[in-house]
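One file, model06.pdb, is given below (PDB, C-alpha atoms).
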MODEL        1
ATOM      1  CA  MET O  30      92.816 119.923  97.740
ATOM      2  CA  THR O  31      95.791 119.203 100.001
ATOM      3  CA  THR O  32      93.512 119.300 103.042
ATOM      4  CA  THR O  33      91.113 116.789 101.514
ATOM      5  CA  LEU O  34      93.876 114.412 100.501
ATOM      6  CA  GLU O  35      95.539 114.686 103.925
ATOM      7  CA  ALA O  36      92.229 113.936 105.601
ATOM      8  CA  GLN O  37      91.856 110.882 103.412
ATOM      9  CA  ASP O  38      95.337 109.459 103.972
ATOM     10  CA  GLN O  39      94.336 106.080 105.380
ATOM     11  CA  GLU O  40      97.849 105.501 106.659
ATOM     12  CA  LEU O  41      97.287 108.133 109.362
ATOM     13  CA  ARG O  42      95.258 105.409 111.097
ATOM     14  CA  ALA O  43      98.417 103.293 111.557
ATOM     15  CA  HIS O  44      99.741 102.940 115.125
ATOM     16  CA  LYS O  45     103.257 101.755 115.861
ATOM     17  CA  ASP O  46     101.732  98.920 117.948
ATOM     18  CA  HIS O  47      99.826  97.608 114.929
ATOM     19  CA  PRO O  48     101.134  94.322 113.485
ATOM     20  CA  ALA O  49     103.342  94.803 110.371
ATOM     21  CA  SER O  50     100.535  93.381 108.196
ATOM     22  CA  VAL O  51      98.081  96.028 109.360
ATOM     23  CA  ARG O  52     100.586  98.824 108.705
ATOM     24  CA  LEU O  53     101.236  97.348 105.265
ATOM     25  CA  TRP O  54      97.487  97.107 104.591
ATOM     26  CA  LEU O  55      96.933 100.748 105.577
ATOM     27  CA  ARG O  56      99.767 101.850 103.292
ATOM     28  CA  LEU O  57      98.305  99.808 100.414
ATOM     29  CA  LEU O  58      94.872 101.327 101.056
ATOM     30  CA  SER O  59      96.417 104.778 101.266
ATOM     31  CA  CYS O  60      98.111 104.399  97.834
ATOM     32  CA  THR O  61      94.906 103.116  96.231
ATOM     33  CA  THR O  62      92.858 105.953  97.735
ATOM     34  CA  LEU O  63      95.380 108.574  96.573
ATOM     35  CA  VAL O  64      95.321 107.248  92.997
ATOM     36  CA  GLU O  65      91.518 106.980  92.948
ATOM     37  CA  ASP O  66      91.076 110.488  94.389
ATOM     38  CA  THR O  67      93.440 111.921  91.790
ATOM     39  CA  ILE O  68      91.682 110.116  88.917
ATOM     40  CA  ARG O  69      88.253 111.136  90.277
ATOM     41  CA  GLN O  70      89.298 114.782  90.442
ATOM     42  CA  LYS O  71      90.853 114.818  86.959
ATOM     43  CA  LEU O  72      87.834 113.075  85.402
ATOM     44  CA  ARG O  73      85.652 115.781  86.942
ATOM     45  CA  ASP O  74      87.931 118.707  86.011
ATOM     46  CA  GLN O  75      88.828 117.640  82.484
ATOM     47  CA  PHE O  76      85.828 115.573  81.330
ATOM     48  CA  ASP O  77      83.009 116.634  83.662
ATOM     49  CA  SER O  78      82.688 112.890  84.412
ATOM     50  CA  SER O  79      82.913 110.527  87.396
ATOM     51  CA  LEU O  80      84.745 107.321  88.323
ATOM     52  CA  SER O  81      81.461 105.342  88.259
ATOM     53  CA  ARG O  82      80.655 106.589  84.743
ATOM     54  CA  PHE O  83      84.196 105.783  83.595
ATOM     55  CA  ASP O  84      84.106 102.269  85.132
ATOM     56  CA  LEU O  85      80.691 101.558  83.617
ATOM     57  CA  MET O  86      81.785 102.716  80.169
ATOM     58  CA  ALA O  87      84.994 100.642  80.503
ATOM     59  CA  GLN O  88      82.878  97.531  81.080
ATOM     60  CA  LEU O  89      80.722  98.304  78.038
ATOM     61  CA  GLU O  90      83.812  98.883  75.908
ATOM     62  CA  ARG O  91      85.024  95.380  76.821
ATOM     63  CA  HIS O  92      81.602  93.892  75.940
ATOM     64  CA  PRO O  93      80.550  95.146  72.489
ATOM     65  CA  ASN O  94      77.408  92.954  72.577
ATOM     66  CA  GLY O  95      76.234  94.783  75.680
ATOM     67  CA  LEU O  96      75.587  93.904  79.315
ATOM     68  CA  THR O  97      72.338  93.615  81.251
ATOM     69  CA  MET O  98      71.721  95.961  84.194
ATOM     70  CA  GLY O  99      72.429  93.069  86.579
ATOM     71  CA  GLU O 100      75.762  92.304  84.920
ATOM     72  CA  LEU O 101      76.743  95.991  85.041
ATOM     73  CA  THR O 102      75.864  96.308  88.725
ATOM     74  CA  ARG O 103      77.925  93.244  89.639
ATOM     75  CA  ARG O 104      80.897  94.489  87.653
ATOM     76  CA  ILE O 105      81.096  98.081  88.811
ATOM     77  CA  MET O 106      80.430  97.622  92.529
ATOM     78  CA  VAL O 107      77.782 100.303  92.950
ATOM     79  CA  SER O 108      74.242  99.632  94.122
ATOM     80  CA  GLY O 109      71.535  98.717  91.558
ATOM     81  CA  GLY O 110      69.852 102.110  91.949
ATOM     82  CA  ASN O 111      73.083 103.888  91.086
ATOM     83  CA  THR O 112      73.619 101.798  87.958
ATOM     84  CA  THR O 113      70.160 102.802  86.718
ATOM     85  CA  ALA O 114      70.866 106.486  87.442
ATOM     86  CA  ILE O 115      74.215 106.389  85.607
ATOM     87  CA  VAL O 116      72.778 104.519  82.604
ATOM     88  CA  ASP O 117      69.844 106.991  82.395
ATOM     89  CA  GLN O 118      72.263 109.906  82.470
ATOM     90  CA  LEU O 119      74.551 108.372  79.802
ATOM     91  CA  GLU O 120      71.503 107.563  77.661
ATOM     92  CA  ASN O 121      70.337 111.197  77.861
ATOM     93  CA  GLU O 122      73.766 112.241  76.645
ATOM     94  CA  LYS O 123      73.485 109.645  73.830
ATOM     95  CA  LEU O 124      76.643 107.846  75.034
ATOM     96  CA  VAL O 125      74.851 104.506  75.605
ATOM     97  CA  ARG O 126      71.612 102.974  74.347
ATOM     98  CA  ARG O 127      69.306 100.144  75.388
ATOM     99  CA  LEU O 128      69.194  97.148  73.063
ATOM    100  CA  VAL O 129      65.910  95.271  73.439
ATOM    101  CA  ALA O 130      66.015  91.521  72.700
ATOM    102  CA  PRO O 131      63.552  90.629  69.909
ATOM    103  CA  THR O 132      62.726  87.378  71.749
ATOM    104  CA  ASP O 133      61.960  89.044  75.068
ATOM    105  CA  ARG O 134      60.711  92.631  74.964
ATOM    106  CA  ARG O 135      61.108  92.991  78.738
ATOM    107  CA  SER O 136      64.865  92.350  78.825
ATOM    108  CA  PHE O 137      67.500  94.637  77.379
ATOM    109  CA  LYS O 138      71.236  95.107  77.219
ATOM    110  CA  VAL O 139      73.144  98.354  77.464
ATOM    111  CA  VAL O 140      75.684  99.143  74.713
ATOM    112  CA  LEU O 141      77.995 102.072  73.989
ATOM    113  CA  THR O 142      76.949 104.265  71.053
ATOM    114  CA  PRO O 143      79.697 105.266  68.580
ATOM    115  CA  SER O 144      79.924 108.658  70.299
ATOM    116  CA  GLY O 145      80.056 106.901  73.701
ATOM    117  CA  ARG O 146      82.953 104.796  72.473
ATOM    118  CA  LYS O 147      84.751 107.891  71.174
ATOM    119  CA  SER O 148      84.222 109.699  74.472
ATOM    120  CA  PHE O 149      85.427 106.654  76.446
ATOM    121  CA  VAL O 150      88.586 106.262  74.333
ATOM    122  CA  GLN O 151      89.510 109.917  75.030
ATOM    123  CA  MET O 152      89.054 109.440  78.765
ATOM    124  CA  ALA O 153      90.922 106.114  78.744
ATOM    125  CA  LYS O 154      93.921 107.716  77.023
ATOM    126  CA  ALA O 155      94.012 110.524  79.584
ATOM    127  CA  HIS O 156      93.536 107.978  82.406
ATOM    128  CA  GLU O 157      96.593 106.036  81.161
ATOM    129  CA  LYS O 158      98.652 109.202  81.045
ATOM    130  CA  TRP O 159      97.663 110.156  84.627
ATOM    131  CA  VAL O 160      98.576 106.697  85.941
ATOM    132  CA  VAL O 161     101.930 106.729  84.130
ATOM    133  CA  GLU O 162     102.626 110.163  85.695
ATOM    134  CA  MET O 163     101.643 109.042  89.195
ATOM    135  CA  PHE O 164     103.835 105.921  89.016
ATOM    136  CA  GLY O 165     106.612 107.774  87.177
ATOM    137  CA  ASP O 166     109.191 107.974  89.963
ATOM    138  CA  LEU O 167     109.521 104.178  90.158
ATOM    139  CA  ASN O 168     112.166 102.831  87.788
ATOM    140  CA  ALA O 169     111.607  99.645  85.748
ATOM    141  CA  THR O 170     113.245  97.378  88.365
ATOM    142  CA  ARG O 171     111.075  98.689  91.196
ATOM    143  CA  HIS O 172     108.026  98.573  88.962
ATOM    144  CA  LYS O 173     108.632  94.886  88.352
ATOM    145  CA  GLN O 174     109.423  94.153  92.022
ATOM    146  CA  LEU O 175     106.211  95.831  93.140
ATOM    147  CA  HIS O 176     104.185  94.000  90.466
ATOM    148  CA  ASP O 177     105.641  90.636  91.559
ATOM    149  CA  LEU O 178     105.186  91.300  95.298
ATOM    150  CA  LEU O 179     101.570  92.347  94.763
ATOM    151  CA  GLY O 180     101.100  89.123  92.784
ATOM    152  CA  LEU O 181     102.330  87.153  95.818
ATOM    153  CA  LEU O 182     100.088  89.213  98.098
ATOM    154  CA  LYS O 183      97.085  88.540  95.895
ATOM    155  CA  ALA O 184      97.782  84.796  96.005
ATOM    156  CA  SER O 185      98.130  85.023  99.787
ATOM    157  CA  ILE O 186      94.764  86.800 100.125
ATOM    158  CA  ARG O 187      92.996  84.258  97.902
ATOM    159  CA  ASP O 188      94.724  81.448  99.779
ATOM    160  CA  SER O 189      93.376  82.726 103.105
ATOM    161  CA  GLN O 190      89.811  83.058 101.870
ATOM    162  CA  SER O 191      88.280  79.613 101.521
ATOM    163  CA  PRO O 192      89.603  77.975 104.714
ATOM    164  CA  ALA O 193      89.283  81.217 106.724
ATOM    165  CA  ILE O 194      85.522  81.368 106.256
ATOM    166  CA  SER O 195      84.855  78.115 108.087
ATOM    167  CA  LYS O 196      87.807  78.582 110.482
ATOM    168  CA  ASP O 197      86.687  82.005 111.650
ATOM    169  CA  LYS O 198      83.066  81.250 112.290
ATOM    170  CA  PRO O 199      82.477  81.291 116.053
TER     171      PRO O 199
ATOM    172  CA  MET T 205      81.149  83.996  96.861
ATOM    173  CA  THR T 206      83.847  83.008  94.358
ATOM    174  CA  THR T 207      81.703  84.360  91.527
ATOM    175  CA  THR T 208      81.325  87.737  93.217
ATOM    176  CA  LEU T 209      85.027  88.029  93.962
ATOM    177  CA  GLU T 210      85.960  86.963  90.423
ATOM    178  CA  ALA T 211      83.585  89.531  89.002
ATOM    179  CA  GLN T 212      85.212  92.182  91.154
ATOM    180  CA  ASP T 213      88.814  91.324  90.265
ATOM    181  CA  GLN T 214      89.871  94.677  88.854
ATOM    182  CA  GLU T 215      92.934  93.131  87.265
ATOM    183  CA  LEU T 216      90.705  91.403  84.688
ATOM    184  CA  ARG T 217      90.516  94.848  83.074
ATOM    185  CA  ALA T 218      94.262  94.719  82.286
ATOM    186  CA  HIS T 219      95.226  94.311  78.621
ATOM    187  CA  LYS T 220      98.705  93.235  77.536
ATOM    188  CA  ASP T 221      98.950  96.474  75.516
ATOM    189  CA  HIS T 222      98.435  98.594  78.650
ATOM    190  CA  PRO T 223     101.554 100.450  79.879
ATOM    191  CA  ALA T 224     103.310  98.681  82.804
ATOM    192  CA  SER T 225     102.060 101.420  85.164
ATOM    193  CA  VAL T 226      98.430 100.733  84.290
ATOM    194  CA  ARG T 227      98.880  96.986  84.804
ATOM    195  CA  LEU T 228     100.560  97.710  88.148
ATOM    196  CA  TRP T 229      97.722 100.071  89.112
ATOM    197  CA  LEU T 230      95.065  97.471  88.265
ATOM    198  CA  ARG T 231      96.906  94.861  90.344
ATOM    199  CA  LEU T 232      97.162  97.303  93.265
ATOM    200  CA  LEU T 233      93.452  98.090  92.968
ATOM    201  CA  SER T 234      92.662  94.405  92.712
ATOM    202  CA  CYS T 235      94.542  93.620  95.980
ATOM    203  CA  THR T 236      92.833  96.495  97.814
ATOM    204  CA  THR T 237      89.396  95.432  96.559
ATOM    205  CA  LEU T 238      89.997  91.802  97.569
ATOM    206  CA  VAL T 239      91.038  92.806 101.113
ATOM    207  CA  GLU T 240      88.127  95.244 101.470
ATOM    208  CA  ASP T 241      85.592  92.714 100.178
ATOM    209  CA  THR T 242      86.878  90.088 102.590
ATOM    210  CA  ILE T 243      86.755  92.489 105.548
ATOM    211  CA  ARG T 244      83.279  93.698 104.505
ATOM    212  CA  GLN T 245      81.973  90.144 104.357
ATOM    213  CA  LYS T 246      83.498  89.110 107.699
ATOM    214  CA  LEU T 247      82.214  92.247 109.449
ATOM    215  CA  ARG T 248      78.741  91.380 108.169
ATOM    216  CA  ASP T 249      78.924  87.652 108.990
ATOM    217  CA  GLN T 250      80.573  87.892 112.382
ATOM    218  CA  PHE T 251      79.469  91.285 113.736
ATOM    219  CA  ASP T 252      76.378  92.165 111.684
ATOM    220  CA  SER T 253      78.252  95.382 110.870
ATOM    221  CA  SER T 254      79.565  97.249 107.811
ATOM    222  CA  LEU T 255      82.843  98.793 106.646
ATOM    223  CA  SER T 256      81.356 102.309 106.946
ATOM    224  CA  ARG T 257      80.275 101.671 110.546
ATOM    225  CA  PHE T 258      83.693 100.222 111.361
ATOM    226  CA  ASP T 259      85.553 103.163 109.750
ATOM    227  CA  LEU T 260      83.335 105.704 111.508
ATOM    228  CA  MET T 261      83.826 104.033 114.898
ATOM    229  CA  ALA T 262      87.609 103.830 114.250
ATOM    230  CA  GLN T 263      87.666 107.618 113.758
ATOM    231  CA  LEU T 264      85.722 108.180 116.989
ATOM    232  CA  GLU T 265      88.043 105.819 118.887
ATOM    233  CA  ARG T 266      91.007 107.994 117.802
ATOM    234  CA  HIS T 267      89.181 111.182 118.903
ATOM    235  CA  PRO T 268      87.875 110.673 122.454
ATOM    236  CA  ASN T 269      86.624 114.287 122.572
ATOM    237  CA  GLY T 270      84.358 113.582 119.625
ATOM    238  CA  LEU T 271      84.048 114.777 116.042
ATOM    239  CA  THR T 272      81.445 116.957 114.372
ATOM    240  CA  MET T 273      79.335 115.503 111.560
ATOM    241  CA  GLY T 274      81.387 117.516 109.035
ATOM    242  CA  GLU T 275      84.669 116.144 110.401
ATOM    243  CA  LEU T 276      83.295 112.583 110.285
ATOM    244  CA  THR T 277      82.102 112.939 106.683
ATOM    245  CA  ARG T 278      85.485 114.251 105.547
ATOM    246  CA  ARG T 279      87.325 111.449 107.303
ATOM    247  CA  ILE T 280      85.288 108.443 106.215
ATOM    248  CA  MET T 281      84.705 109.309 102.555
ATOM    249  CA  VAL T 282      80.961 108.705 102.427
ATOM    250  CA  SER T 283      78.417 111.360 101.543
ATOM    251  CA  GLY T 284      76.971 113.594 104.290
ATOM    252  CA  GLY T 285      73.593 111.852 104.105
ATOM    253  CA  ASN T 286      75.217 108.492 104.750
ATOM    254  CA  THR T 287      77.133 109.779 107.778
ATOM    255  CA  THR T 288      73.859 110.943 109.324
ATOM    256  CA  ALA T 289      72.215 107.567 108.631
ATOM    257  CA  ILE T 290      75.122 105.629 110.181
ATOM    258  CA  VAL T 291      75.299 107.910 113.245
ATOM    259  CA  ASP T 292      71.510 107.614 113.763
ATOM    260  CA  GLN T 293      71.746 103.832 113.565
ATOM    261  CA  LEU T 294      74.701 103.645 115.990
ATOM    262  CA  GLU T 295      72.888 106.038 118.351
ATOM    263  CA  ASN T 296      69.800 103.779 118.353
ATOM    264  CA  GLU T 297      72.069 100.888 119.317
ATOM    265  CA  LYS T 298      73.598 103.077 122.095
ATOM    266  CA  LEU T 299      77.086 102.731 120.555
ATOM    267  CA  VAL T 300      77.557 106.497 120.043
ATOM    268  CA  ARG T 301      75.954 109.601 121.532
ATOM    269  CA  ARG T 302      75.647 113.267 120.595
ATOM    270  CA  LEU T 303      77.496 115.698 122.849
ATOM    271  CA  VAL T 304      75.920 119.171 122.688
ATOM    272  CA  ALA T 305      78.296 122.120 123.294
ATOM    273  CA  PRO T 306      77.073 124.228 126.285
ATOM    274  CA  THR T 307      78.143 127.404 124.411
ATOM    275  CA  ASP T 308      76.262 126.565 121.214
ATOM    276  CA  ARG T 309      73.171 124.395 121.517
ATOM    277  CA  ARG T 310      72.957 123.973 117.735
ATOM    278  CA  SER T 311      76.353 122.296 117.339
ATOM    279  CA  PHE T 312      77.249 118.850 118.625
ATOM    280  CA  LYS T 313      79.993 116.283 118.517
ATOM    281  CA  VAL T 314      79.616 112.535 118.191
ATOM    282  CA  VAL T 315      81.438 110.337 120.736
ATOM    283  CA  LEU T 316      81.648 106.587 121.346
ATOM    284  CA  THR T 317      79.758 105.343 124.416
ATOM    285  CA  PRO T 318      81.606 102.852 126.691
ATOM    286  CA  SER T 319      79.665 100.012 125.044
ATOM    287  CA  GLY T 320      80.504 101.459 121.605
ATOM    288  CA  ARG T 321      84.177 101.447 122.541
ATOM    289  CA  LYS T 322      83.948  97.840 123.739
ATOM    290  CA  SER T 323      82.188  96.790 120.550
ATOM    291  CA  PHE T 324      84.774  98.604 118.409
ATOM    292  CA  VAL T 325      87.722  97.005 120.250
ATOM    293  CA  GLN T 326      86.289  93.531 119.562
ATOM    294  CA  MET T 327      85.864  94.302 115.871
ATOM    295  CA  ALA T 328      89.330  95.902 115.654
ATOM    296  CA  LYS T 329      90.956  92.791 117.155
ATOM    297  CA  ALA T 330      89.165  90.531 114.677
ATOM    298  CA  HIS T 331      90.045  92.954 111.828
ATOM    299  CA  GLU T 332      93.742  92.715 112.779
ATOM    300  CA  LYS T 333      93.573  88.928 112.795
ATOM    301  CA  TRP T 334      91.920  88.835 109.328
ATOM    302  CA  VAL T 335      94.559  91.147 107.858
ATOM    303  CA  VAL T 336      97.394  89.107 109.382
ATOM    304  CA  GLU T 337      95.827  85.958 107.858
ATOM    305  CA  MET T 338      95.380  87.540 104.426
ATOM    306  CA  PHE T 339      99.002  88.792 104.336
ATOM    307  CA  GLY T 340     100.298  85.605 105.988
ATOM    308  CA  ASP T 341     102.044  84.016 102.994
ATOM    309  CA  LEU T 342     104.499  86.916 102.667
ATOM    310  CA  ASN T 343     107.623  86.398 104.779
ATOM    311  CA  ALA T 344     109.212  89.254 106.773
ATOM    312  CA  THR T 345     111.638  90.218 103.990
ATOM    313  CA  ARG T 346     108.906  90.481 101.372
ATOM    314  CA  HIS T 347     106.685  92.304 103.839
ATOM    315  CA  LYS T 348     109.383  94.929 104.315
ATOM    316  CA  GLN T 349     110.141  95.158 100.567
ATOM    317  CA  LEU T 350     106.486  95.707  99.766
ATOM    318  CA  HIS T 351     106.141  98.311 102.542
ATOM    319  CA  ASP T 352     109.189 100.200 101.245
ATOM    320  CA  LEU T 353     108.130 100.038  97.576
ATOM    321  CA  LEU T 354     104.629 101.281  98.433
ATOM    322  CA  GLY T 355     106.302 104.115 100.362
ATOM    323  CA  LEU T 356     108.192 105.068  97.179
ATOM    324  CA  LEU T 357     104.997 104.777  95.152
ATOM    325  CA  LYS T 358     103.148 107.026  97.588
ATOM    326  CA  ALA T 359     105.888 109.649  97.309
ATOM    327  CA  SER T 360     105.719 109.359  93.508
ATOM    328  CA  ILE T 361     101.940 109.897  93.501
ATOM    329  CA  ARG T 362     102.192 112.935  95.795
ATOM    330  CA  ASP T 363     105.067 114.239  93.715
ATOM    331  CA  SER T 364     102.948 114.094  90.547
ATOM    332  CA  GLN T 365      99.995 115.883  92.074
ATOM    333  CA  SER T 366     100.800 119.567  92.417
ATOM    334  CA  PRO T 367     102.589 120.190  89.097
ATOM    335  CA  ALA T 368     100.302 117.816  87.193
ATOM    336  CA  ILE T 369      97.223 119.926  87.919
ATOM    337  CA  SER T 370      98.433 122.937  86.010
ATOM    338  CA  LYS T 371     100.410 120.850  83.487
ATOM    339  CA  ASP T 372      97.401 118.756  82.505
ATOM    340  CA  LYS T 373      94.899 121.544  81.986
ATOM    341  CA  PRO T 374      94.186 121.876  78.291
TER     342      PRO T 374
ENDMDL
END
Transcribe the structure of this file into structure tokens.
Amino acid sequence: MTTTLEAQDQELRAHKDHPASVRLWLRLLSCTTLVEDTIRQKLRDQFDSSLSRFDLMAQLERHPNGLTMGELTRRIMVSGGNTTAIVDQLENEKLVRRLVAPTDRRSFKVVLTPSGRKSFVQMAKAHEKWVVEMFGDLNATRHKQLHDLLGLLKASIRDSQSPAISKDKP
Amino acid sequence: MTTTLEAQDQELRAHKDHPASVRLWLRLLSCTTLVEDTIRQKLRDQFDSSLSRFDLMAQLERHPNGLTMGELTRRIMVSGGNTTAIVDQLENEKLVRRLVAPTDRRSFKVVLTPSGRKSFVQMAKAHEKWVVEMFGDLNATRHKQLHDLLGLLKASIRDSQSPAISKDKP
């Protein structure tokens, strides 16, 4: 495991001649990757599940009336083919079901079954515990500082987006 | 574009009853996703390229003696099948080539060609500029604070990893 995580430490790409922003970006990416890798591994080890399954079920939990395949694909950032494969798999395990609209037999929404909801809640509780553990060495002050600074960063990214698109075009 | 980015804002998953760590994690993930989406879109618009191609070429640029397919797959976090597809595509465009070992005709390493290196350097310069723009609203003090806090977070994540594996097992 150590080898894999070392190989995936994105910050190893940082050179000292990189601008400060690039070094900061690689450190941010490195933290995100470490957390995701840890969650992915624990979901597999403890629930025989995957991050894509967890993310998809999280979306369904937030939308009790169900989501169409298109809505799911847009929300979980996997390709359309993968969404279908995950939904098929979850349906086989009776964790989700397809809800066909009476007005249009061709369209359907995907919803969690009661046992899907139960299974998701268990994973979500464990997920919370893992995140709390991973972030545990930061005290409340640093927690708040980091939350606020990331809020400023997020505003800065959004700020750069609209004008940058026309500005950057050759 | 706004719709897509809104749909992918991971922080929308945050509830007020989530622990502070989970809200911080979702904000961190949200920043990383926003930066990656922006880079992905600009690579496509301005270089007709992808994040996987860029990451793979970045690895080859750091290893002038080449990397095996296995080494590439481990370093860029895509599945083995995808690495082969990307390498084939880059080889067709004469941006990489396969270097067969004289001692073992079955094994080979992938290296950047001179035109691959040139193409990568152009993309890397643009990539730097985009990151500097996205992080541009943070002044030097905040830049340093965020870098330091993410360093502490990274240590905290690593710290939680080894003991947590045995501790968490049911």
Test item: chain T residues at most 7 Å from chain O, counting all atoms listed in the file, as a count of residues only: 30
d(atom CA of O:Thr112, atom CA of O:Pro131) in Å: 23.5 Å
Resolved residues for the PyMOL selection byres ((chain T and resi 318) around 12) as a list in words: Leu264, Glu265, Pro268, Lys298, Leu299, Val300, Arg301, Val315, Leu316, Thr317, Ser319, Gly320, Arg321, Lys322, Ser323, Phe324 and Val325 of chain T
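Distance-wise, atom CA of T:Ser254 and atom CA of T:Asp292 end up 14.4 Å apart.
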How many Å lie between atom CA of T:Ala218 and atom CA of O:Asp84, rounded to one decimal? 13.0 Å
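The nearest approach to T:Gln326 among the residues T:Leu303, T:Ala289, T:Met261, T:Leu276, with all atoms listed in the file taken into account, belongs to T:Met261.
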Which one is closest to T:Val314: T:Gly274, T:Arg248, T:Asn286, T:Thr345? Count all atoms listed in the file. T:Gly274
